[in-house]
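Working notes for the structure below.
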2 protein chains.
Amino acid sequence: MIGDIAKRTGTKVNTIRFYEDIGLMPEAARTAGGRRTYGDAEVRQLAFIRHARDLGFSTDEIRSLIALSANPDQDCKEAGSLARRHLASVEDRIARLTALRNALADATRDCEGGRIADCRVMEAITMPADLDSGTRV
Amino acid sequence: MIGDIAKRTGTKVNTIRFYEDIGLMPEAARTAGGRRTYGDAEVRQLAFIRHARDLGFSTDEIRSLIALSANPDQDCKEAGSLARRHLASVEDRIARLTALRNALADATRDCEGGRIADCRVMEAITMPADLDSGTRV
DNA sequence: TTACGATCTACAGTCACTGTAGGAGCAAGC
DNA sequence: GCTTGCTCCTACAGTGACTGTAGATCGTAA
């Protein structure tokens with residue numbers, strides 16, 4: 001039943017139905033009464049989708065990964081290049097988030113009992129280095 | 001003009017108008033002909049908004065940060081706690097992205113010339129450790 | 001004066017869900 | 001057998017943060 005697979009994968013029921021709608025999940029088998037049932041393969045697939053989404057893959061990317069894994073005899077190149085493209089953007093995001101973490105850590109430290117006027121949160125976030133200067137535009 | 005501030009901050013023109021609509025940017029001054037004009041303060045504010053969005057703050061969070069910075073005499077506590085809450089989630093995201101980076105790096109290495117059947121991309125992403133076992137549900 | 005690009009408003013579309021309304025299936029208790 | 005209460009069903013509207021498009025207007029250079 002959909003509620004069980006939802007609990008086991010930490011996915012909302014409506015989200016699972018949505019994945020079926022857009023073809024990320026196969027059409028579920030039904031009981032006589034019309035309820036969806038799922039086997040281990042579906043649980044694994046849903047878990048894969050959730051992890052991939054969680055880690056920033058778009059549903060289109062996930063769709064192509066699933067399609068690739070459905071033809072295991074074909075060359076791995078395509079999946080590899082998908083992963084490589086993603087790797088670059090993941091590394092970029094890590095770098096930017098690390099910079100933010102430092103800024104936020106500084107900011108919360110500086111903010112202890114201070115006043116906004118002395119607070120670095122905004123400056124830390126803005127980092128105005130990449131702004132052109134100029135007057136009214 | 002809106003096109004200039006768009007270029008200087010790397011923001012799309014429609015996005016700037018959208019920020020004005022939802023009150024993230026103040027209502028812009030207009031020329032006689034009705035075109036929006038901006039000063040340095042607006043450029044800085046837009047740059048701040050873009051950085052904050054880029055780094056994962058919601059428009060609501062940004063709105064409250066702007067409101068706080070508009071009353072610099074009030075205590076910094078609120079901005080600090082906002083930053084602290086964000087810090088925790090940023091650190092979590094860094095940890096998860098780092099795990100993904102390693103998985104993707106492994107995956108792309110293992111994939112060189114291999115076949116999907118031997119490929120770790122899916123497994124690396126799925127990490128099925130957090131799945132209950134069971135049959136049909 | 002005409003052509004062209006930038007800007008204007010207003011609104012529809014996108015992505016990935018999330019929530020809700022109204023009805024049906026189904027096991028447990030009376 | 002009937003009610004209660006839960007889960008499930010379909011269908012569709014709403015959300016957040018934009019993005020794109022249509023049709024009109026402004027401003028300037030040829």
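FYI, nothing fancy with the structure tokens labels: chains A, B, ... in order, residues from 1 per chain, ligands from 1 as they appear.
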Which residues of chain B come within 9 Å of chain D, and for each one, what is the closest pair of atoms and their distance in Å to one decimal, counting only C-alpha atoms (C1' of nucleotides), sorted by chain and residue number, as a tab-separated table?
```
residue	atom	partner	partner_atom	distance
B:Asn14	CA	D:DT19	C1'	7.7
B:Thr15	CA	D:DC18	C1'	6.7
B:Phe18	CA	D:DC18	C1'	8.1
B:Gly33	CA	D:DC26	C1'	6.4
B:Gly34	CA	D:DC26	C1'	8.5
B:Arg35	CA	D:DC26	C1'	8.5
B:Ser58	CA	D:DG16	C1'	8.9
B:Thr59	CA	D:DA17	C1'	8.4
```
Could you save those same residues with N, CA and C atoms as a short mmCIF file (atom, residue, chain, number, x, y, z; two decimals), in the first residue's frame?
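Saved to part12.cif:
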```cif
data_model
loop_
_atom_site.label_atom_id
_atom_site.label_comp_id
_atom_site.auth_asym_id
_atom_site.auth_seq_id
_atom_site.Cartn_x
_atom_site.Cartn_y
_atom_site.Cartn_z
N ASN B 14 12.82 40.87 -15.48
CA ASN B 14 11.54 40.42 -14.93
C ASN B 14 11.65 40.06 -13.46
N THR B 15 12.79 39.54 -13.06
CA THR B 15 12.99 39.17 -11.66
C THR B 15 13.02 40.41 -10.78
N PHE B 18 9.59 41.51 -10.36
CA PHE B 18 8.96 40.57 -9.44
C PHE B 18 9.31 40.91 -7.99
N GLY B 33 8.74 59.50 -18.35
CA GLY B 33 8.15 58.50 -19.24
C GLY B 33 7.72 57.22 -18.57
N GLY B 34 7.94 57.12 -17.25
CA GLY B 34 7.45 55.95 -16.53
C GLY B 34 8.47 54.84 -16.34
N ARG B 35 9.73 55.04 -16.74
CA ARG B 35 10.73 53.99 -16.55
C ARG B 35 11.33 54.05 -15.16
N SER B 58 15.21 32.07 1.93
CA SER B 58 13.93 32.27 1.26
C SER B 58 13.64 33.77 1.19
N THR B 59 12.71 34.14 0.33
CA THR B 59 12.37 35.56 0.23
C THR B 59 11.83 36.08 1.57
#
```
Tell me, as a compact mmCIF listing (two decimals) with N, CA and C atoms, in the first residue's frame, which residues lie within 9 Å of segment 84-87 of chain B, counting only C-alpha atoms (C1' of nucleotides); anything in the same chain fewer than 4 positions away does not count.
```
# COMPACT_ATOMS: atom_id res chain seq x y z
N LEU A 100 29.67 30.61 2.76
CA LEU A 100 28.53 31.10 3.53
C LEU A 100 28.62 30.64 4.98
N ARG A 101 29.00 29.37 5.17
CA ARG A 101 29.09 28.87 6.54
C ARG A 101 30.04 29.73 7.35
N ASN A 102 31.18 30.07 6.76
CA ASN A 102 32.15 30.89 7.47
C ASN A 102 31.58 32.27 7.76
N LEU A 104 28.42 33.08 8.05
CA LEU A 104 27.37 32.98 9.06
C LEU A 104 27.97 32.74 10.45
N ALA A 105 29.00 31.92 10.49
CA ALA A 105 29.64 31.66 11.78
C ALA A 105 30.23 32.95 12.34
N ALA A 107 29.26 35.92 11.55
CA ALA A 107 28.15 36.82 11.82
C ALA A 107 27.51 36.52 13.17
N THR A 108 27.22 35.25 13.42
CA THR A 108 26.54 34.92 14.68
C THR A 108 27.46 35.22 15.85
N GLY B 56 20.55 30.31 -0.49
CA GLY B 56 19.52 29.47 0.08
C GLY B 56 18.56 30.14 1.05
N PHE B 57 18.64 31.47 1.23
CA PHE B 57 17.64 32.14 2.05
C PHE B 57 16.35 32.26 1.26
N ALA B 79 18.44 38.83 14.10
CA ALA B 79 19.26 38.53 12.92
C ALA B 79 20.22 37.40 13.23
N GLY B 80 20.76 37.43 14.45
CA GLY B 80 21.69 36.38 14.86
C GLY B 80 21.05 35.03 14.89
N GLU B 91 25.33 23.67 7.20
CA GLU B 91 26.32 22.65 7.53
C GLU B 91 25.82 21.27 7.13
N ASP B 92 24.53 21.05 7.33
CA ASP B 92 23.94 19.77 6.92
C ASP B 92 24.08 19.59 5.41
```
Contact residues (chain C, partner chain A, 9 Å, only C-alpha atoms (C1' of nucleotides)) as an MDAnalysis selection string: chainID C and resid 16:18 25
Expressed in Å to a single decimal, how great is the separation between atom CA of Ser69 of chain B and atom CA of Arg93 of chain B? 26.8 Å
One-decimal distance in Å that lies between atom CA of Thr37 of chain B and atom CA of Ile2 of chain B: 6.6 Å
